[in-house]
Every structure is written in structure tokens, then in C-alpha cells.
Amino acid sequence: MRRGIVLVGLLMVGVLSIAASQATQAPQRNITVDKLTDNLFVLKGGGGNTAAFITSGGVVVVDTKNPGWGQPILDTIRTLTDKPVTMLINTHTHGDHVGGNPEFRPTVDIVVQENTRANMERMEAFKTSESRGMAKRTFKDRLTIGRGADQIDLYYFGPGHTNGDAWIVFPALRTAHAGDIFARKSIPLIDPNNGGSVLRYPETLSKAHAGLVGVDTIINGHNDTTTTLADLEMFSEFMRDYVAWAQTELKAGKTPEQAAAEFKVPEKYPGFSGTASTLFGGMAGQLKLLAEEMKK
């Protein structure tokens, strides 16, 4: 009898141990893959959209999602090619785009716009990882990497979402990755702590539209599908009208909170969302930032 009780007790301990182990396991991280061409894929889930560009010498990854998603990105890429990841390019500094960097091999080349590196250096994640995953190369306005079918052109057109938003262009594929400077068709998140600018956003988008010659397809920071250069032109016009409206409201004496409560998306922008992220104070926070920029 006593032996039976002991066996039952041991079985219960085993069951409870398995249950506890399952409860503490890392959450499942699923990535879905959109194939744009035979050598360019969009990896979705876990943060910003990741691009995987397969070149003759290896795989170039654009953005690495949130912390803990680096290995799932690598695992997914292994289902697409047996070539190693040789380069990372980050569109900007936010954790849902650079969080997976430390999970890649230390030998991987990491490239960002120069302001983004300065922003990344202030991030606690890179301080605690002893700078593992920190950018190794920077550029100011433009940088070309590789040639022919493997060529990648990096552009910086000015501040908007942050002060280091890079556009990554794959000329042979007529495709660009915009990151969060064009995350989706909506009022964008603008991060004043990392140099974002409401006032200069429309000008930056206008320069991007004019400068991205030969681009047909755009991978956005968080959109479920790709967009086009015509969509970028419309987004540029939307932001120009939004900022012009905001300036008029503020000059008329309305508070940022009053103006934000009254904003409506003009009918000429079908499919656009007028909802701003609640981060950094939402739209009212953006209008406060705009008011400060207008004083300079």
C-alpha cells in the first residue's frame, strides 16, 4: 500500500514537473513568408516586416523584429536557402526592428544610417548585450553595396519617423524597403526622442518619392501587403495636408488636444486611417511637437 502511494506521488511529481516546464517554455514564434521574387522574401510577424534578399554571396536581412525573434528569422531563412546570413541592415532604431540583432553571428556586417547608430548606442538592449548586434557600418545620405543583380542602394532623405530612417532599394528587383517612415497608410508614429519630426515629414516623403527612381514595389514597415510608388506619392500628399491642417489649427489658437479631437481623414484619401498611435502622446503629442517645431 505504502509503495503504491509512493509510486502515485512520484507520478504526480512528474506530471506537475512536465506541466511546469511547458508553462515556462518560450512562446511559439511563428513567421509567415511572402515570396516577392525568387530571391526576395518578406518575413512577417513578431514586429516590423523583415526582408530576406538572397545574393550570390549570402543573405542580406533588413530588420530583425523584436528581441527573441532573431533565431526564428534564421530558422525561416534556412527553409528558403542554404546560404548564410552575411549582412543586416536596420531601417531605424526601434526595438521591433533591431531587437533580434544580437541573435545573429558576430561576424555579420550590420549597416545603418549614422543617426540610427547613435540612437542604438543609447538603447539598453545593446548596453546589456555588450554591444552585440550593434551597427558596424554607417552612411550619411547614400551608400551602394554590391553590384549587378546583388546591388543594394541605401538612401536617407531626412527626418520623419526618426532622424535616421533608411530606405533600402534592390534596383534589379525594382523594390524598396521603407521601414516605418512609410509603415502603412495612416498617421505615422513620430518619435521625438529619436529625432522624429512632424514639420519635416512631408518634405522627407516628397524627396523619397522623387529619389526612388526605378522602384515599383515598396515593402512597408508594418503593412500586410506591399504598396507602390503611387501609394508613396499619395502618402506624401496625405502628410502634407495633415501637417498644413495642423498648423492652421494651432495658429488659430486651438490646443493640440482640441485639434486632435476634430481631425478627420479627407475623403480624397480612401483607405487611410486617421488614428494615431497612443505612444508619445498620440496625435495630441504630435501636435505639441509640431507647435515646438514651428517656434524654431
# chains A, B, ... in the order shown; residues from 1 in each chain; ligands from 1
>>> residues_around(residues="stretch 248-265 of chain A", least_positions_apart="4", cutoff="8 Å", atoms="only C-alpha atoms", output="PyMOL selection string")
chain A and resi 244+269+272-274+283-285+287-288+291
>>> write_last_selection(atoms="N, CA, C and O atoms", output="compact mmCIF listing (two decimals), in the first residue's frame")
# COMPACT_ATOMS: atom_id res chain seq x y z
N ALA A 244 -0.34 70.69 -42.82
CA ALA A 244 -0.87 72.02 -43.13
C ALA A 244 -2.14 72.29 -42.31
O ALA A 244 -2.32 73.40 -41.77
N TYR A 269 -8.59 60.55 -49.59
CA TYR A 269 -7.61 59.54 -49.18
C TYR A 269 -8.33 58.28 -48.70
O TYR A 269 -8.32 57.95 -47.51
N PHE A 272 -7.19 55.30 -45.87
CA PHE A 272 -6.25 55.83 -44.88
C PHE A 272 -6.90 55.87 -43.51
O PHE A 272 -8.08 56.20 -43.37
N SER A 273 -6.11 55.56 -42.49
CA SER A 273 -6.60 55.61 -41.12
C SER A 273 -6.22 56.95 -40.48
O SER A 273 -5.09 57.41 -40.64
N GLY A 274 -7.16 57.52 -39.75
CA GLY A 274 -6.89 58.77 -39.06
C GLY A 274 -6.54 58.58 -37.60
O GLY A 274 -6.47 59.54 -36.83
N MET A 283 -1.91 61.68 -31.22
CA MET A 283 -1.94 62.83 -32.12
C MET A 283 -1.73 64.13 -31.38
O MET A 283 -1.03 65.04 -31.88
N ALA A 284 -2.28 64.26 -30.18
CA ALA A 284 -2.08 65.48 -29.41
C ALA A 284 -0.60 65.69 -29.12
O ALA A 284 -0.10 66.82 -29.19
N GLY A 285 0.09 64.61 -28.81
CA GLY A 285 1.54 64.69 -28.60
C GLY A 285 2.27 65.14 -29.85
O GLY A 285 3.22 65.93 -29.78
N LEU A 287 1.01 67.03 -32.20
CA LEU A 287 0.72 68.44 -32.44
C LEU A 287 1.48 69.34 -31.46
O LEU A 287 1.84 70.47 -31.81
N LYS A 288 1.74 68.84 -30.27
CA LYS A 288 2.59 69.59 -29.34
C LYS A 288 4.00 69.69 -29.90
O LYS A 288 4.65 70.74 -29.83
N ALA A 291 4.00 72.19 -32.66
CA ALA A 291 3.98 73.57 -32.14
C ALA A 291 5.38 74.00 -31.72
O ALA A 291 5.79 75.15 -31.97
>>> residues_around(residues="A:Ile145", least_positions_apart="5", cutoff="12 Å", atoms="only C-alpha atoms", output="number ranges by chain")
A: 55, 60, 87, 89, 109, 111, 137-139, 150-155, 168-171
>>> write_last_selection(atoms="all heavy atoms", output="compact mmCIF listing (two decimals), in the first residue's frame")
# COMPACT_ATOMS: atom_id res chain seq x y z
N THR A 55 21.54 36.84 -52.16
CA THR A 55 22.52 37.26 -53.17
C THR A 55 23.43 36.09 -53.51
O THR A 55 23.32 35.00 -52.92
CB THR A 55 23.37 38.43 -52.65
OG1 THR A 55 24.30 37.94 -51.66
CG2 THR A 55 22.50 39.52 -52.04
N VAL A 60 21.10 38.89 -47.25
CA VAL A 60 21.04 40.20 -46.60
C VAL A 60 19.66 40.32 -45.94
O VAL A 60 18.63 40.16 -46.61
CB VAL A 60 21.25 41.33 -47.61
CG1 VAL A 60 21.11 42.69 -46.93
CG2 VAL A 60 22.60 41.21 -48.29
N MET A 87 24.80 39.84 -43.91
CA MET A 87 24.62 41.27 -43.63
C MET A 87 23.24 41.54 -43.05
O MET A 87 22.25 40.92 -43.44
CB MET A 87 24.81 42.09 -44.91
CG MET A 87 24.65 43.59 -44.75
SD MET A 87 24.90 44.49 -46.32
CE MET A 87 26.65 44.13 -46.62
N ILE A 89 20.75 44.98 -42.31
CA ILE A 89 20.51 46.41 -42.49
C ILE A 89 19.29 46.76 -41.66
O ILE A 89 18.25 46.12 -41.79
CB ILE A 89 20.28 46.79 -43.96
CG1 ILE A 89 21.47 46.36 -44.83
CG2 ILE A 89 20.04 48.29 -44.10
CD1 ILE A 89 21.22 46.52 -46.33
N ASP A 109 27.90 41.57 -40.97
CA ASP A 109 28.07 43.01 -41.17
C ASP A 109 26.72 43.69 -40.92
O ASP A 109 25.69 43.24 -41.43
CB ASP A 109 28.53 43.26 -42.60
CG ASP A 109 29.01 44.68 -42.83
OD1 ASP A 109 29.22 45.41 -41.84
OD2 ASP A 109 29.18 45.08 -44.00
N VAL A 111 24.66 47.36 -41.03
CA VAL A 111 24.74 48.69 -41.66
C VAL A 111 23.49 49.50 -41.31
O VAL A 111 22.37 49.00 -41.40
CB VAL A 111 24.86 48.57 -43.19
CG1 VAL A 111 25.10 49.94 -43.81
CG2 VAL A 111 25.96 47.59 -43.58
N ARG A 137 28.78 49.52 -39.70
CA ARG A 137 29.00 50.48 -40.79
C ARG A 137 27.84 51.46 -40.83
O ARG A 137 26.70 51.10 -40.57
CB ARG A 137 29.08 49.77 -42.14
CG ARG A 137 30.45 49.24 -42.49
CD ARG A 137 30.57 49.07 -43.99
NE ARG A 137 29.83 47.91 -44.49
CZ ARG A 137 29.62 47.69 -45.79
NH1 ARG A 137 30.03 48.57 -46.70
NH2 ARG A 137 28.97 46.60 -46.17
N THR A 138 28.14 52.70 -41.18
CA THR A 138 27.10 53.70 -41.30
C THR A 138 27.23 54.44 -42.62
O THR A 138 28.25 54.36 -43.29
CB THR A 138 27.16 54.73 -40.15
OG1 THR A 138 28.38 55.47 -40.25
CG2 THR A 138 27.07 54.05 -38.79
N PHE A 139 26.17 55.15 -42.97
CA PHE A 139 26.21 56.03 -44.14
C PHE A 139 25.46 57.30 -43.79
O PHE A 139 24.66 57.31 -42.83
CB PHE A 139 25.61 55.34 -45.37
CG PHE A 139 24.11 55.19 -45.33
CD1 PHE A 139 23.28 56.08 -46.00
CD2 PHE A 139 23.51 54.16 -44.60
CE1 PHE A 139 21.90 55.95 -45.95
CE2 PHE A 139 22.13 54.02 -44.54
CZ PHE A 139 21.33 54.91 -45.22
N ASP A 150 23.05 41.80 -57.44
CA ASP A 150 23.17 41.83 -55.98
C ASP A 150 23.20 43.24 -55.40
O ASP A 150 23.29 43.41 -54.18
CB ASP A 150 24.46 41.12 -55.55
CG ASP A 150 24.44 39.63 -55.83
OD1 ASP A 150 23.34 39.08 -56.04
OD2 ASP A 150 25.52 39.02 -55.87
N GLN A 151 23.11 44.26 -56.24
CA GLN A 151 23.27 45.64 -55.75
C GLN A 151 22.16 46.04 -54.80
O GLN A 151 20.99 45.73 -54.98
CB GLN A 151 23.31 46.61 -56.93
CG GLN A 151 23.52 48.07 -56.53
CD GLN A 151 23.77 48.96 -57.71
OE1 GLN A 151 24.45 48.58 -58.68
NE2 GLN A 151 23.23 50.18 -57.68
N ILE A 152 22.57 46.78 -53.76
CA ILE A 152 21.64 47.38 -52.80
C ILE A 152 22.01 48.84 -52.65
O ILE A 152 23.18 49.17 -52.42
CB ILE A 152 21.74 46.69 -51.42
CG1 ILE A 152 21.47 45.18 -51.54
CG2 ILE A 152 20.76 47.32 -50.44
CD1 ILE A 152 21.76 44.43 -50.26
N ASP A 153 21.04 49.72 -52.78
CA ASP A 153 21.26 51.16 -52.60
C ASP A 153 20.54 51.62 -51.33
O ASP A 153 19.35 51.36 -51.16
CB ASP A 153 20.72 51.95 -53.80
CG ASP A 153 21.50 51.68 -55.07
OD1 ASP A 153 22.71 51.42 -54.98
OD2 ASP A 153 20.88 51.71 -56.16
N LEU A 154 21.28 52.30 -50.45
CA LEU A 154 20.71 52.82 -49.22
C LEU A 154 20.58 54.33 -49.33
O LEU A 154 21.51 55.01 -49.77
CB LEU A 154 21.60 52.46 -48.03
CG LEU A 154 22.00 50.99 -47.86
CD1 LEU A 154 22.80 50.81 -46.59
CD2 LEU A 154 20.78 50.11 -47.85
N TYR A 155 19.43 54.85 -48.92
CA TYR A 155 19.16 56.28 -49.01
C TYR A 155 18.68 56.82 -47.66
O TYR A 155 17.97 56.14 -46.92
CB TYR A 155 18.06 56.56 -50.04
CG TYR A 155 18.38 56.22 -51.46
CD1 TYR A 155 18.11 54.95 -51.97
CD2 TYR A 155 18.92 57.17 -52.33
CE1 TYR A 155 18.38 54.63 -53.29
CE2 TYR A 155 19.19 56.87 -53.66
CZ TYR A 155 18.92 55.59 -54.13
OH TYR A 155 19.19 55.28 -55.44
N ILE A 168 15.89 51.13 -48.20
CA ILE A 168 16.76 50.11 -48.77
C ILE A 168 16.18 49.69 -50.11
O ILE A 168 15.04 49.21 -50.19
CB ILE A 168 16.88 48.89 -47.83
CG1 ILE A 168 17.61 49.29 -46.54
CG2 ILE A 168 17.63 47.76 -48.50
CD1 ILE A 168 16.75 49.93 -45.50
N VAL A 169 16.96 49.87 -51.18
CA VAL A 169 16.46 49.62 -52.53
C VAL A 169 17.23 48.46 -53.16
O VAL A 169 18.46 48.40 -53.08
CB VAL A 169 16.60 50.87 -53.41
CG1 VAL A 169 16.14 50.59 -54.84
CG2 VAL A 169 15.79 52.03 -52.81
N PHE A 170 16.48 47.56 -53.78
CA PHE A 170 17.05 46.45 -54.54
C PHE A 170 16.78 46.77 -56.01
O PHE A 170 15.73 46.40 -56.55
CB PHE A 170 16.40 45.13 -54.13
CG PHE A 170 16.35 44.91 -52.63
CD1 PHE A 170 15.17 45.10 -51.93
CD2 PHE A 170 17.49 44.54 -51.93
CE1 PHE A 170 15.12 44.91 -50.55
CE2 PHE A 170 17.45 44.36 -50.55
CZ PHE A 170 16.27 44.54 -49.86
N PRO A 171 17.73 47.47 -56.67
CA PRO A 171 17.47 48.00 -58.02
C PRO A 171 17.08 46.95 -59.05
O PRO A 171 16.18 47.18 -59.87
CB PRO A 171 18.80 48.67 -58.39
CG PRO A 171 19.47 48.94 -57.10
CD PRO A 171 19.07 47.84 -56.19
>>> residues_around(residues="A:Thr226", least_positions_apart="4", cutoff="12 Å", atoms="only C-alpha atoms", output="ChimeraX atom specification")
/A:34-36,41-42,44,49,51,175-179,182-185,216-222,230-232
>>> atom_distance(atom1="atom CA of A:Asp241", atom2="atom CA of A:Asn194")
24.0 Å
>>> select_by_dssp(residues="stretch 70-173 of chain A", states="strand (DSSP E)", output="CSV table (one decimal) with N, CA and C atoms, in the first residue's frame")
chain,number,residue,atom,x,y,z
A,85,VAL,N,23.6,34.0,-43.6
A,85,VAL,CA,23.3,35.5,-43.5
A,85,VAL,C,24.6,36.2,-43.3
A,86,THR,N,24.9,37.1,-44.2
A,86,THR,CA,26.2,37.8,-44.2
A,86,THR,C,26.0,39.3,-43.8
A,87,MET,N,24.8,39.8,-43.9
A,87,MET,CA,24.6,41.3,-43.6
A,87,MET,C,23.2,41.5,-43.1
A,88,LEU,N,23.2,42.5,-42.1
A,88,LEU,CA,22.0,43.0,-41.6
A,88,LEU,C,21.9,44.5,-41.9
A,89,ILE,N,20.7,45.0,-42.3
A,89,ILE,CA,20.5,46.4,-42.5
A,89,ILE,C,19.3,46.8,-41.7
A,109,ASP,N,27.9,41.6,-41.0
A,109,ASP,CA,28.1,43.0,-41.2
A,109,ASP,C,26.7,43.7,-40.9
A,110,ILE,N,26.7,44.8,-40.1
A,110,ILE,CA,25.5,45.5,-39.8
A,110,ILE,C,25.6,46.9,-40.2
A,111,VAL,N,24.7,47.4,-41.0
A,111,VAL,CA,24.7,48.7,-41.7
A,111,VAL,C,23.5,49.5,-41.3
A,112,VAL,N,23.7,50.8,-40.9
A,112,VAL,CA,22.6,51.7,-40.6
A,112,VAL,C,22.9,53.1,-41.0
A,113,GLN,N,22.0,54.0,-41.0
A,113,GLN,CA,22.2,55.4,-41.2
A,113,GLN,C,22.9,55.9,-39.9
A,137,ARG,N,28.8,49.5,-39.7
A,137,ARG,CA,29.0,50.5,-40.8
A,137,ARG,C,27.8,51.5,-40.8
A,138,THR,N,28.1,52.7,-41.2
A,138,THR,CA,27.1,53.7,-41.3
A,138,THR,C,27.2,54.4,-42.6
A,139,PHE,N,26.2,55.1,-43.0
A,139,PHE,CA,26.2,56.0,-44.1
A,139,PHE,C,25.5,57.3,-43.8
A,142,ARG,N,23.7,58.4,-48.8
A,142,ARG,CA,23.6,57.3,-49.7
A,142,ARG,C,24.8,56.4,-49.7
A,143,LEU,N,24.5,55.1,-49.9
A,143,LEU,CA,25.6,54.1,-49.9
A,143,LEU,C,25.1,53.0,-50.8
A,144,THR,N,26.0,52.6,-51.7
A,144,THR,CA,25.8,51.4,-52.6
A,144,THR,C,26.6,50.2,-52.2
A,145,ILE,N,26.0,49.1,-52.1
A,145,ILE,CA,26.6,47.9,-51.7
A,145,ILE,C,26.4,46.8,-52.8
A,152,ILE,N,22.6,46.8,-53.8
A,152,ILE,CA,21.6,47.4,-52.8
A,152,ILE,C,22.0,48.8,-52.7
A,153,ASP,N,21.0,49.7,-52.8
A,153,ASP,CA,21.3,51.2,-52.6
A,153,ASP,C,20.5,51.6,-51.3
A,154,LEU,N,21.3,52.3,-50.5
A,154,LEU,CA,20.7,52.8,-49.2
A,154,LEU,C,20.6,54.3,-49.3
A,155,TYR,N,19.4,54.9,-48.9
A,155,TYR,CA,19.2,56.3,-49.0
A,155,TYR,C,18.7,56.8,-47.7
A,156,TYR,N,19.0,58.1,-47.4
A,156,TYR,CA,18.4,58.8,-46.3
A,156,TYR,C,18.0,60.2,-46.9
A,166,ALA,N,16.2,54.9,-42.9
A,166,ALA,CA,16.8,54.5,-44.2
A,166,ALA,C,15.8,53.8,-45.1
A,167,TRP,N,16.0,54.1,-46.4
A,167,TRP,CA,15.3,53.4,-47.4
A,167,TRP,C,16.3,52.4,-48.1
A,168,ILE,N,15.9,51.1,-48.2
A,168,ILE,CA,16.8,50.1,-48.8
A,168,ILE,C,16.2,49.7,-50.1
A,169,VAL,N,17.0,49.9,-51.2
A,169,VAL,CA,16.5,49.6,-52.5
A,169,VAL,C,17.2,48.5,-53.2
A,170,PHE,N,16.5,47.6,-53.8
A,170,PHE,CA,17.0,46.4,-54.5
A,170,PHE,C,16.8,46.8,-56.0
>>> residues_around(residues="stretch 206-214 of chain A", least_positions_apart="4", cutoff="7 Å", atoms="only C-alpha atoms", output="PyMOL selection string")
chain A and resi 157+174+202+229+232-233+236
>>> closest_residue(among="A:Thr81, A:Asn90, A:Gln286, A:Thr227", to="A:Asp38", atoms="only C-alpha atoms")
A:Thr81
>>> select_by_dssp(residues="stretch 14-223 of chain A", states="alpha helix (DSSP H)", output="PyMOL selection string")
chain A and resi 14-24+70-78+95-98+114-121+124-128+201-211
>>> closest_residue(among="A:Asn39, A:Thr116, A:Gln247, A:Thr275", to="A:Thr91", atoms="only C-alpha atoms")
A:Thr116
>>> atom_distance(atom1="atom CA of A:Pro266", atom2="atom CA of A:Trp245")
10.7 Å
>>> atom_distance(atom1="atom CA of A:Asn223", atom2="atom CA of A:Val243")
22.5 Å
>>> residues_around(residues="stretch 64-80 of chain A", least_positions_apart="5", cutoff="9 Å", atoms="only C-alpha atoms", output="ChimeraX atom specification")
/A:29-33,39,41,43,45-52,59,85,88-90,94-104,125
>>> closest_residue(among="A:Lys127, A:Met234, A:Asp82, A:Leu40", to="A:Gly58", atoms="only C-alpha atoms")
A:Asp82
